[in-house]
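Text of entry30.cif, listed as mmCIF, C-alpha atoms:
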data_start
loop_
_atom_site.group_PDB
_atom_site.id
_atom_site.type_symbol
_atom_site.label_atom_id
_atom_site.label_comp_id
_atom_site.auth_asym_id
_atom_site.auth_seq_id
_atom_site.Cartn_x
_atom_site.Cartn_y
_atom_site.Cartn_z
ATOM 1 C CA GLY I 19 3.683 28.954 48.438
ATOM 2 C CA GLY I 20 0.143 28.818 47.137
ATOM 3 C CA THR I 21 -2.545 26.445 45.879
ATOM 4 C CA VAL I 22 -2.464 23.943 42.998
ATOM 5 C CA THR I 23 -5.675 23.244 41.063
ATOM 6 C CA GLY I 24 -6.529 21.074 38.055
ATOM 7 C CA LEU I 25 -3.558 18.727 38.361
ATOM 8 C CA ALA I 26 -4.261 15.315 36.829
ATOM 9 C CA GLY I 27 -0.883 14.190 35.520
ATOM 10 C CA THR I 28 2.472 13.406 37.078
ATOM 11 C CA GLY I 29 5.870 15.082 36.953
ATOM 12 C CA LEU I 30 4.956 18.713 37.718
ATOM 13 C CA SER I 31 8.023 20.531 38.990
ATOM 14 C CA ILE I 32 8.331 24.156 40.116
ATOM 15 C CA ARG I 33 11.226 26.378 41.183
ATOM 16 C CA ASN I 34 11.677 29.557 43.187
ATOM 17 C CA ASN I 35 14.339 32.087 42.214
ATOM 18 C CA GLY I 36 15.962 29.588 39.846
ATOM 19 C CA SER I 37 17.297 27.232 42.515
ATOM 20 C CA ASN I 38 14.802 25.932 45.088
ATOM 21 C CA THR I 39 12.953 23.145 43.227
ATOM 22 C CA THR I 40 10.009 21.120 44.441
ATOM 23 C CA SER I 41 7.819 18.432 42.893
ATOM 24 C CA ILE I 42 4.050 18.724 43.052
ATOM 25 C CA THR I 43 2.087 15.475 43.178
ATOM 26 C CA ALA I 44 -1.438 16.574 44.138
ATOM 27 C CA ASN I 45 -3.838 19.468 44.156
ATOM 28 C CA GLY I 46 -3.932 21.662 47.255
ATOM 29 C CA GLY I 47 -1.460 23.826 49.123
ATOM 30 C CA TYR I 48 2.286 23.713 48.608
ATOM 31 C CA ALA I 49 5.350 25.448 50.057
ATOM 32 C CA PHE I 50 9.018 25.583 49.161
ATOM 33 C CA SER I 51 11.467 23.987 51.564
ATOM 34 C CA THR I 52 13.734 27.040 51.900
ATOM 35 C CA PRO I 53 12.140 30.119 53.539
ATOM 36 C CA LEU I 54 13.081 33.641 52.454
ATOM 37 C CA SER I 55 13.963 36.639 54.563
ATOM 38 C CA ASN I 56 11.672 39.648 54.887
ATOM 39 C CA GLY I 57 12.258 41.947 51.931
ATOM 40 C CA ALA I 58 13.621 39.214 49.688
ATOM 41 C CA THR I 59 12.171 38.783 46.223
ATOM 42 C CA TYR I 60 10.599 35.563 44.970
ATOM 43 C CA SER I 61 9.836 34.246 41.477
ATOM 44 C CA VAL I 62 7.987 30.943 41.037
ATOM 45 C CA THR I 63 8.324 29.227 37.643
ATOM 46 C CA ILE I 64 7.344 25.888 36.101
ATOM 47 C CA THR I 65 10.351 23.695 35.318
ATOM 48 C CA ALA I 66 8.499 20.539 34.130
ATOM 49 C CA GLN I 67 4.922 20.150 32.935
ATOM 50 C CA PRO I 68 2.786 17.134 33.898
ATOM 51 C CA VAL I 69 2.454 14.054 31.690
ATOM 52 C CA SER I 70 -0.015 11.133 31.545
ATOM 53 C CA PRO I 71 -2.136 13.067 30.775
ATOM 54 C CA ALA I 72 -0.158 15.866 29.203
ATOM 55 C CA GLN I 73 -1.031 19.172 30.855
ATOM 56 C CA THR I 74 -0.009 22.808 30.787
ATOM 57 C CA CYS I 75 0.277 24.546 34.146
ATOM 58 C CA SER I 76 0.682 28.263 34.719
ATOM 59 C CA VAL I 77 1.548 30.395 37.746
ATOM 60 C CA SER I 78 -0.419 33.433 38.861
ATOM 61 C CA GLY I 79 0.907 35.795 41.504
ATOM 62 C CA GLY I 80 4.221 34.031 41.242
ATOM 63 C CA SER I 81 6.590 36.951 41.823
ATOM 64 C CA GLY I 82 6.974 39.748 44.338
ATOM 65 C CA THR I 83 8.678 40.736 47.587
ATOM 66 C CA ILE I 84 8.309 39.183 51.042
ATOM 67 C CA ALA I 85 6.449 41.695 53.236
ATOM 68 C CA GLY I 86 6.520 40.369 56.771
ATOM 69 C CA ALA I 87 4.327 37.300 56.158
ATOM 70 C CA ASP I 88 4.223 33.965 54.338
ATOM 71 C CA VAL I 89 3.309 34.194 50.678
ATOM 72 C CA THR I 90 0.273 32.009 49.904
ATOM 73 C CA THR I 91 -0.819 33.551 46.618
ATOM 74 C CA ALA I 92 1.599 31.971 44.110
ATOM 75 C CA ASN I 93 -1.165 29.784 42.710
ATOM 76 C CA ILE I 94 -0.753 27.146 40.006
ATOM 77 C CA ASN I 95 -3.562 26.110 37.663
ATOM 78 C CA CYS I 96 -3.259 23.147 35.318
ATOM 79 C CA ILE I 97 -5.350 22.298 32.251
ATOM 80 C CA THR I 98 -5.251 19.094 30.215
ATOM 81 C CA ASN I 99 -3.927 19.517 26.682
ATOM 82 C CA THR I 100 -6.093 18.555 23.715
ATOM 83 C CA TYR I 101 -4.911 17.118 20.412
ATOM 84 C CA ALA I 102 -6.411 16.544 16.986
ATOM 85 C CA ILE I 103 -7.578 13.247 15.529
ATOM 86 C CA ASN I 104 -6.399 13.444 11.916
ATOM 87 C CA VAL I 105 -7.419 11.213 9.025
ATOM 88 C CA ALA I 106 -5.018 10.753 6.074
ATOM 89 C CA THR I 107 -6.942 9.431 3.071
ATOM 90 C CA THR I 108 -5.527 7.863 -0.092
ATOM 91 C CA GLY I 109 -7.146 6.260 -3.130
ATOM 92 C CA LEU I 110 -10.482 8.072 -2.892
ATOM 93 C CA ILE I 111 -11.728 8.566 -6.453
ATOM 94 C CA ALA I 112 -15.170 10.086 -5.908
ATOM 95 C CA GLY I 113 -17.994 10.193 -3.418
ATOM 96 C CA THR I 114 -17.885 10.644 0.354
ATOM 97 C CA LEU I 115 -16.287 8.544 3.065
ATOM 98 C CA GLN I 116 -18.208 8.909 6.321
ATOM 99 C CA LEU I 117 -16.310 8.403 9.591
ATOM 100 C CA GLN I 118 -17.135 8.567 13.283
ATOM 101 C CA ASP I 119 -15.109 8.688 16.473
ATOM 102 C CA SER I 120 -17.379 6.641 18.702
ATOM 103 C CA ILE I 121 -15.738 7.897 21.912
ATOM 104 C CA SER I 122 -16.243 11.630 21.331
ATOM 105 C CA SER I 123 -19.354 11.087 19.138
ATOM 106 C CA GLN I 124 -17.902 13.196 16.329
ATOM 107 C CA ASN I 125 -18.604 12.641 12.627
ATOM 108 C CA LEU I 126 -16.341 13.475 9.698
ATOM 109 C CA SER I 127 -17.099 13.537 5.965
ATOM 110 C CA VAL I 128 -14.104 13.006 3.663
ATOM 111 C CA THR I 129 -14.515 13.979 -0.002
ATOM 112 C CA ALA I 130 -10.886 14.186 -1.171
ATOM 113 C CA ASN I 131 -7.507 12.594 -0.600
ATOM 114 C CA GLY I 132 -5.208 14.248 1.914
ATOM 115 C CA THR I 133 -5.340 14.921 5.633
ATOM 116 C CA THR I 134 -8.346 16.316 7.455
ATOM 117 C CA SER I 135 -9.336 16.388 11.129
ATOM 118 C CA PHE I 136 -12.316 15.877 13.357
ATOM 119 C CA ALA I 137 -13.662 19.261 14.440
ATOM 120 C CA THR I 138 -13.006 19.042 18.181
ATOM 121 C CA PRO I 139 -9.577 18.069 19.587
ATOM 122 C CA VAL I 140 -9.577 15.340 22.246
ATOM 123 C CA ALA I 141 -8.005 15.575 25.685
ATOM 124 C CA SER I 142 -4.743 13.820 26.425
ATOM 125 C CA GLY I 143 -5.389 10.505 28.148
ATOM 126 C CA SER I 144 -8.721 10.002 26.373
ATOM 127 C CA SER I 145 -9.462 7.054 24.116
ATOM 128 C CA TYR I 146 -10.438 7.308 20.458
ATOM 129 C CA ASN I 147 -12.056 4.769 18.141
ATOM 130 C CA VAL I 148 -12.627 5.771 14.521
ATOM 131 C CA THR I 149 -14.966 3.651 12.402
ATOM 132 C CA ILE I 150 -16.445 3.853 8.908
ATOM 133 C CA THR I 151 -20.169 4.581 8.912
ATOM 134 C CA ALA I 152 -20.601 4.798 5.115
ATOM 135 C CA GLN I 153 -18.347 3.808 2.219
ATOM 136 C CA PRO I 154 -17.959 5.995 -0.896
ATOM 137 C CA ALA I 155 -19.955 4.771 -3.885
ATOM 138 C CA GLY I 156 -18.102 2.075 -5.805
ATOM 139 C CA GLN I 157 -15.210 1.832 -3.357
ATOM 140 C CA THR I 158 -14.201 0.078 -0.156
ATOM 141 C CA CYS I 159 -12.006 1.897 2.356
ATOM 142 C CA THR I 160 -10.094 0.388 5.258
ATOM 143 C CA LEU I 161 -8.626 2.090 8.334
ATOM 144 C CA SER I 162 -5.286 1.679 10.077
ATOM 145 C CA ALA I 163 -4.275 2.951 13.544
ATOM 146 C CA ALA I 164 -7.959 3.695 14.109
ATOM 147 C CA SER I 165 -8.084 3.335 17.896
ATOM 148 C CA GLY I 166 -5.923 4.021 20.915
ATOM 149 C CA THR I 167 -5.238 6.629 23.581
ATOM 150 C CA ILE I 168 -4.327 10.262 23.010
ATOM 151 C CA GLY I 169 -0.844 10.936 24.375
ATOM 152 C CA ALA I 170 1.050 14.197 24.020
ATOM 153 C CA ALA I 171 0.560 14.761 20.285
ATOM 154 C CA ALA I 172 -2.031 14.591 17.542
ATOM 155 C CA VAL I 173 -2.845 11.133 16.174
ATOM 156 C CA THR I 174 -3.335 10.196 12.525
ATOM 157 C CA VAL I 175 -5.677 7.480 11.295
ATOM 158 C CA THR I 176 -5.028 6.287 7.747
ATOM 159 C CA ALA I 177 -7.847 5.487 5.312
ATOM 160 C CA ASN I 178 -6.981 3.589 2.146
ATOM 161 C CA CYS I 179 -9.694 3.297 -0.511
ATOM 162 C CA THR I 180 -9.768 0.889 -3.452
ATOM 163 C CA PRO I 181 -12.357 0.452 -6.225
ATOM 164 C CA ASN I 182 -14.812 -2.407 -5.951
ATOM 165 C CA THR I 183 -14.329 -4.854 -8.834
ATOM 166 C CA TYR I 184 -16.793 -7.245 -10.468
ATOM 167 C CA THR I 185 -16.314 -10.098 -12.901
ATOM 168 C CA ILE I 186 -18.199 -10.424 -16.201
ATOM 169 C CA SER I 187 -18.522 -14.089 -17.122
ATOM 170 C CA GLY I 188 -20.856 -16.479 -18.867
ATOM 171 C CA SER I 189 -21.307 -19.814 -20.547
ATOM 172 C CA ILE I 190 -21.027 -20.893 -24.182
ATOM 173 C CA THR I 191 -23.068 -23.562 -25.949
ATOM 174 C CA THR I 192 -22.338 -25.316 -29.221
ATOM 175 C CA LEU I 193 -19.012 -23.682 -30.012
ATOM 176 C CA SER I 194 -17.751 -26.707 -31.921
ATOM 177 C CA GLY I 195 -16.223 -27.738 -35.156
ATOM 178 C CA SER I 196 -12.682 -27.836 -36.416
ATOM 179 C CA GLY I 197 -11.077 -24.385 -36.167
ATOM 180 C CA ALA I 198 -14.188 -22.708 -34.737
ATOM 181 C CA GLN I 199 -13.345 -19.495 -32.900
ATOM 182 C CA LEU I 200 -15.287 -16.800 -31.069
ATOM 183 C CA GLN I 201 -14.044 -13.336 -30.071
ATOM 184 C CA LEU I 202 -15.751 -11.409 -27.281
ATOM 185 C CA GLN I 203 -15.089 -7.791 -26.374
ATOM 186 C CA ASN I 204 -16.133 -5.693 -23.405
ATOM 187 C CA THR I 205 -16.497 -2.100 -24.635
ATOM 188 C CA GLY I 206 -17.883 -0.525 -21.493
ATOM 189 C CA GLY I 207 -16.285 2.841 -22.173
ATOM 190 C CA THR I 208 -13.598 2.960 -19.475
ATOM 191 C CA PRO I 209 -9.918 1.955 -19.700
ATOM 192 C CA PHE I 210 -10.717 -1.012 -17.465
ATOM 193 C CA ALA I 211 -13.597 -2.205 -19.666
ATOM 194 C CA ASN I 212 -11.815 -2.401 -23.036
ATOM 195 C CA GLN I 213 -10.986 -6.101 -22.938
ATOM 196 C CA THR I 214 -10.992 -8.782 -25.637
ATOM 197 C CA ILE I 215 -10.930 -12.548 -25.215
ATOM 198 C CA ASN I 216 -10.647 -15.228 -27.872
ATOM 199 C CA LEU I 217 -12.431 -18.537 -27.436
ATOM 200 C CA ALA I 218 -11.656 -21.744 -29.276
ATOM 201 C CA SER I 219 -13.797 -24.697 -30.221
ATOM 202 C CA GLY I 220 -14.900 -26.731 -27.236
ATOM 203 C CA GLN I 221 -14.766 -23.936 -24.660
ATOM 204 C CA THR I 222 -17.916 -23.715 -22.592
ATOM 205 C CA SER I 223 -17.338 -20.607 -20.463
ATOM 206 C CA PHE I 224 -15.632 -17.238 -20.461
ATOM 207 C CA SER I 225 -14.611 -14.598 -17.932
ATOM 208 C CA PHE I 226 -13.270 -11.067 -18.400
ATOM 209 C CA SER I 227 -10.799 -9.591 -15.940
ATOM 210 C CA PRO I 228 -12.512 -7.912 -12.978
ATOM 211 C CA VAL I 229 -13.828 -4.421 -13.746
ATOM 212 C CA PRO I 230 -13.991 -1.590 -11.160
ATOM 213 C CA ASP I 231 -17.399 -0.116 -10.339
ATOM 214 C CA LEU I 232 -16.587 3.425 -11.443
#

If you took the structure in this file and wrote it as structure tokens, what would it be?
Amino acid sequence: GGTVTGLAGTGLSIRNNGSNTTSITANGGYAFSTPLSNGATYSVTITAQPVSPAQTCSVSGGSGTIAGADVTTANINCITNTYAINVATTGLIAGTLQLQDSISSQNLSVTANGTTSFATPVASGSSYNVTITAQPAGQTCTLSAASGTIGAAAVTVTANCTPNTYTISGSITTLSGSGAQLQLQNTGGTPFANQTINLASGQTSFSFSPVPDL
């Protein structure tokens, strides 16, 4: 046997010589149920790693030959796995989207579409909560799947950005008379701004289609 350290999850299973299996549920000393004769060989291996949180355990001093005494040096050390918090961004035209994971206090600046990650992976079993701290100029981004608990794999938050739009409108006075017409054009210089509207006698207001702030 030996000593188990660092165990936080459940489901750790070990085996000696490929047949004698035992489950480990807590840190501390352990021993296999079937003793070996003096001179017999032993080989301790991990058959199932812990989950909730996901961990990776390793054996040190796990193989050798019985030499007239109990073996107490087949030690097992477990560490909790860490996984990335990814952000998949779409629709970003220009500028910088500023994000923060409020649980790990990490910040992330996104300047292009695609997938990027916070710098430091987060331990399995830990919470995450990604929020927007600053929107890119002229756009509004929204997040999906932005909070939860890290399991046994990386998580991906999605950020979808759309242009802010604004309406150009106004009022008309004294457009009257039989057959009177007025044509207005927005020639702001972008594909969205090239709009024309025709107004007839008696109309008192106008409104162009919303224009993105680009």

Any chance you could work out the residue set of the PyMOL selection byres ((chain I and resi 32) around 10) here, as a short mmCIF file (atom, residue, chain, number, x, y, z; two decimals) with C-alpha atoms, keeping the file's coordinate frame?
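Now in expr23.cif:
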data_model
loop_
_atom_site.label_atom_id
_atom_site.label_comp_id
_atom_site.auth_asym_id
_atom_site.auth_seq_id
_atom_site.Cartn_x
_atom_site.Cartn_y
_atom_site.Cartn_z
CA GLY I 29 5.87 15.08 36.95
CA LEU I 30 4.96 18.71 37.72
CA SER I 31 8.02 20.53 38.99
CA ARG I 33 11.23 26.38 41.18
CA ASN I 34 11.68 29.56 43.19
CA GLY I 36 15.96 29.59 39.85
CA SER I 37 17.30 27.23 42.52
CA ASN I 38 14.80 25.93 45.09
CA THR I 39 12.95 23.14 43.23
CA THR I 40 10.01 21.12 44.44
CA SER I 41 7.82 18.43 42.89
CA ILE I 42 4.05 18.72 43.05
CA PHE I 50 9.02 25.58 49.16
CA VAL I 62 7.99 30.94 41.04
CA THR I 63 8.32 29.23 37.64
CA ILE I 64 7.34 25.89 36.10
CA THR I 65 10.35 23.70 35.32
CA ALA I 66 8.50 20.54 34.13
CA GLN I 67 4.92 20.15 32.94
CA VAL I 77 1.55 30.40 37.75
CA ILE I 94 -0.75 27.15 40.01
#

task = Grab the atom CA of Pro68 of chain I to atom CA of Asn147 of chain I distance for me, in Å with one decimal place.
result =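 Distance reported for this atom pair: 24.9 Å.
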
ask   = Written as a list in words, which residues does the PyMOL selection byres ((chain I and resi 152) around 7) give for the file shown?
value =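 Residues picked by the PyMOL selection byres ((chain I and resi 152) around 7): Leu115, Gln116, Ile150, Thr151, Gln153 and Pro154 of chain I.
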
Write a file of the selected residues as a short mmCIF file (atom, residue, chain, number, x, y, z; two decimals), in the coordinates of the input, keeping C-alpha atoms.
data_model
loop_
_atom_site.label_atom_id
_atom_site.label_comp_id
_atom_site.auth_asym_id
_atom_site.auth_seq_id
_atom_site.Cartn_x
_atom_site.Cartn_y
_atom_site.Cartn_z
CA LEU I 115 -16.29 8.54 3.06
CA GLN I 116 -18.21 8.91 6.32
CA ILE I 150 -16.44 3.85 8.91
CA THR I 151 -20.17 4.58 8.91
CA GLN I 153 -18.35 3.81 2.22
CA PRO I 154 -17.96 6.00 -0.90
#

Minimum-distance residue to Gly109 of chain I, chosen among I:Val69, I:Ala137, I:Cys159, I:Leu54 (using all atoms listed in the file) = I:Cys159

task = Can you work out the spacing between atom CA of Ser55 of chain I and atom CA of Thr91 of chain I in Å, to one decimal?
result =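 Taking atom CA of Ser55 of chain I and atom CA of Thr91 of chain I, their separation equals 17.1 Å.
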
request  = Name all residues at most 8 Å from Ala44 of chain I (count all atoms listed in the file; drop same-chain ones fewer than 5 positions away) and give them as JSON, numbers by chain.
outcome  = {"I": [22, 25, 26]}

request  = Would you mind telling me which residue in I:Thr185, I:Thr90, I:Thr214, I:Ser81 lies nearest to Gly46 of chain I when using only C-alpha atoms?
outcome  = I:Thr90

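The residues that lie within 7 Å of the point (-9.1, 12.0, -2.7), counting only C-alpha atoms, are Thr107, Thr108, Gly109, Leu110, Ile111, Thr129, Ala130, Asn131 and Gly132 of chain I.
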
task = Please measure the separation of atom CA of Thr167 of chain I and atom CA of Gln118 of chain I, giving the value in Å to one decimal.
result =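 Atom-to-atom, atom CA of Thr167 of chain I to atom CA of Gln118 of chain I, that is 15.9 Å.
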
Fewer than 5 positions away in the same chain doesn't count, so skip those; otherwise give me all residues within 6 Å of Ala92 of chain I, counting all atoms listed in the file, as a compact mmCIF listing (two decimals) with C-alpha atoms, in the frame of the given file.
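The resulting file, selection36.txt, is shown below:
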# COMPACT_ATOMS: atom_id res chain seq x y z
CA GLY I 19 3.68 28.95 48.44
CA GLY I 20 0.14 28.82 47.14
CA SER I 78 -0.42 33.43 38.86
CA GLY I 79 0.91 35.80 41.50
CA GLY I 80 4.22 34.03 41.24

ask   = Written as a VMD selection string, which residues does the PyMOL selection byres ((chain I and resi 59) around 6) give for the file shown?
value = chain I and resid 58 60 82 to 83

Selected residues written out with C-alpha atoms, as a PDB file, keeping the file's coordinate frame:
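As written to disk, part-v4.pdb reads:
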ATOM      1  CA  ALA I  58      13.621  39.214  49.688  1.00  0.00           C
ATOM      2  CA  TYR I  60      10.599  35.563  44.970  1.00  0.00           C
ATOM      3  CA  GLY I  82       6.974  39.748  44.338  1.00  0.00           C
ATOM      4  CA  THR I  83       8.678  40.736  47.587  1.00  0.00           C
TER       5      THR I  83
END

inquiry  = For a quick check of understanding, using all atoms listed in the file, which of I:Ile121, I:Val148, I:Ala170, I:Ile84 has the smallest distance to Asn99 of chain I?
reply    = I:Ala170

request  = Can you work out which one of I:Cys179, I:Ala112, I:Ser187, I:Leu126 has the shortest atom-to-atom distance to Ala155 of chain I, counting only C-alpha atoms?
outcome  =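 Result for the nearest residue to Ala155 of chain I: I:Ala112.
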
key: Among the residues I:Ala164, I:Val89, I:Ala177, I:Cys96, the one that comes closest to Ala49 of chain I [using only C-alpha atoms]   =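 Answer, going by the shortest atom-to-atom distance: I:Val89.
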
request  = May I have the protein, DNA and RNA residues with an atom at most 9 Å from (-6.1, 12.1, 8.7), counting all atoms listed in the file in the file's coordinates, returned as an NGL selection string?
outcome  = :I and (103-107 or 132-136 or 173-177)

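Residue nearest Pro139 of chain I, chosen from I:Leu161, I:Ile168, I:Ser127, I:Thr23 and counting only C-alpha atoms: I:Ile168.
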
N, CA, C and O atoms are what I want for segment 178-194 of chain I; can you complete it accordingly and write them as a PDB file, in the coordinates of the input?
ATOM      1  N   ASN I 178      -7.386   3.957   3.501  1.00  0.00           N
ATOM      2  CA  ASN I 178      -6.981   3.589   2.146  1.00  0.00           C
ATOM      3  C   ASN I 178      -8.189   3.047   1.397  1.00  0.00           C
ATOM      4  O   ASN I 178      -8.846   2.111   1.857  1.00  0.00           O
ATOM      5  N   CYS I 179      -8.500   3.659   0.255  1.00  0.00           N
ATOM      6  CA  CYS I 179      -9.694   3.297  -0.511  1.00  0.00           C
ATOM      7  C   CYS I 179      -9.298   2.640  -1.826  1.00  0.00           C
ATOM      8  O   CYS I 179      -8.362   3.090  -2.494  1.00  0.00           O
ATOM      9  N   THR I 180     -10.002   1.576  -2.187  1.00  0.00           N
ATOM     10  CA  THR I 180      -9.768   0.889  -3.452  1.00  0.00           C
ATOM     11  C   THR I 180     -11.103   0.681  -4.153  1.00  0.00           C
ATOM     12  O   THR I 180     -12.143   0.519  -3.500  1.00  0.00           O
ATOM     13  N   PRO I 181     -11.098   0.666  -5.500  1.00  0.00           N
ATOM     14  CA  PRO I 181     -12.357   0.452  -6.225  1.00  0.00           C
ATOM     15  C   PRO I 181     -12.887  -0.960  -6.015  1.00  0.00           C
ATOM     16  O   PRO I 181     -12.113  -1.922  -5.936  1.00  0.00           O
ATOM     17  N   ASN I 182     -14.188  -1.084  -5.935  1.00  0.00           N
ATOM     18  CA  ASN I 182     -14.812  -2.407  -5.951  1.00  0.00           C
ATOM     19  C   ASN I 182     -14.726  -2.964  -7.373  1.00  0.00           C
ATOM     20  O   ASN I 182     -14.908  -2.229  -8.341  1.00  0.00           O
ATOM     21  N   THR I 183     -14.426  -4.245  -7.511  1.00  0.00           N
ATOM     22  CA  THR I 183     -14.329  -4.854  -8.834  1.00  0.00           C
ATOM     23  C   THR I 183     -15.330  -5.999  -8.963  1.00  0.00           C
ATOM     24  O   THR I 183     -15.645  -6.678  -7.977  1.00  0.00           O
ATOM     25  N   TYR I 184     -15.787  -6.207 -10.192  1.00  0.00           N
ATOM     26  CA  TYR I 184     -16.793  -7.245 -10.468  1.00  0.00           C
ATOM     27  C   TYR I 184     -16.396  -7.975 -11.746  1.00  0.00           C
ATOM     28  O   TYR I 184     -15.858  -7.386 -12.682  1.00  0.00           O
ATOM     29  N   THR I 185     -16.677  -9.248 -11.769  1.00  0.00           N
ATOM     30  CA  THR I 185     -16.314 -10.098 -12.901  1.00  0.00           C
ATOM     31  C   THR I 185     -17.493 -10.267 -13.862  1.00  0.00           C
ATOM     32  O   THR I 185     -18.633 -10.494 -13.429  1.00  0.00           O
ATOM     33  N   ILE I 186     -17.207 -10.136 -15.157  1.00  0.00           N
ATOM     34  CA  ILE I 186     -18.199 -10.424 -16.201  1.00  0.00           C
ATOM     35  C   ILE I 186     -17.859 -11.790 -16.772  1.00  0.00           C
ATOM     36  O   ILE I 186     -16.769 -11.996 -17.327  1.00  0.00           O
ATOM     37  N   SER I 187     -18.779 -12.729 -16.650  1.00  0.00           N
ATOM     38  CA  SER I 187     -18.522 -14.089 -17.122  1.00  0.00           C
ATOM     39  C   SER I 187     -19.810 -14.689 -17.670  1.00  0.00           C
ATOM     40  O   SER I 187     -20.895 -14.117 -17.527  1.00  0.00           O
ATOM     41  N   GLY I 188     -19.679 -15.818 -18.306  1.00  0.00           N
ATOM     42  CA  GLY I 188     -20.856 -16.479 -18.867  1.00  0.00           C
ATOM     43  C   GLY I 188     -20.510 -17.854 -19.396  1.00  0.00           C
ATOM     44  O   GLY I 188     -19.376 -18.333 -19.270  1.00  0.00           O
ATOM     45  N   SER I 189     -21.491 -18.475 -19.997  1.00  0.00           N
ATOM     46  CA  SER I 189     -21.307 -19.814 -20.547  1.00  0.00           C
ATOM     47  C   SER I 189     -21.533 -19.795 -22.051  1.00  0.00           C
ATOM     48  O   SER I 189     -22.189 -18.908 -22.598  1.00  0.00           O
ATOM     49  N   ILE I 190     -20.957 -20.779 -22.729  1.00  0.00           N
ATOM     50  CA  ILE I 190     -21.027 -20.893 -24.182  1.00  0.00           C
ATOM     51  C   ILE I 190     -21.606 -22.262 -24.527  1.00  0.00           C
ATOM     52  O   ILE I 190     -21.215 -23.283 -23.946  1.00  0.00           O
ATOM     53  N   THR I 191     -22.513 -22.290 -25.479  1.00  0.00           N
ATOM     54  CA  THR I 191     -23.068 -23.562 -25.949  1.00  0.00           C
ATOM     55  C   THR I 191     -22.810 -23.721 -27.450  1.00  0.00           C
ATOM     56  O   THR I 191     -22.819 -22.749 -28.205  1.00  0.00           O
ATOM     57  N   THR I 192     -22.556 -24.914 -27.818  1.00  0.00           N
ATOM     58  CA  THR I 192     -22.338 -25.316 -29.221  1.00  0.00           C
ATOM     59  C   THR I 192     -21.284 -24.515 -29.958  1.00  0.00           C
ATOM     60  O   THR I 192     -21.463 -24.199 -31.132  1.00  0.00           O
ATOM     61  N   LEU I 193     -20.167 -24.197 -29.286  1.00  0.00           N
ATOM     62  CA  LEU I 193     -19.012 -23.682 -30.012  1.00  0.00           C
ATOM     63  C   LEU I 193     -18.156 -24.890 -30.368  1.00  0.00           C
ATOM     64  O   LEU I 193     -17.342 -25.369 -29.590  1.00  0.00           O
ATOM     65  N   SER I 194     -18.399 -25.450 -31.545  1.00  0.00           N
ATOM     66  CA  SER I 194     -17.751 -26.707 -31.921  1.00  0.00           C
ATOM     67  C   SER I 194     -17.383 -26.667 -33.394  1.00  0.00           C
ATOM     68  O   SER I 194     -17.739 -25.752 -34.133  1.00  0.00           O
TER      69      SER I 194
END
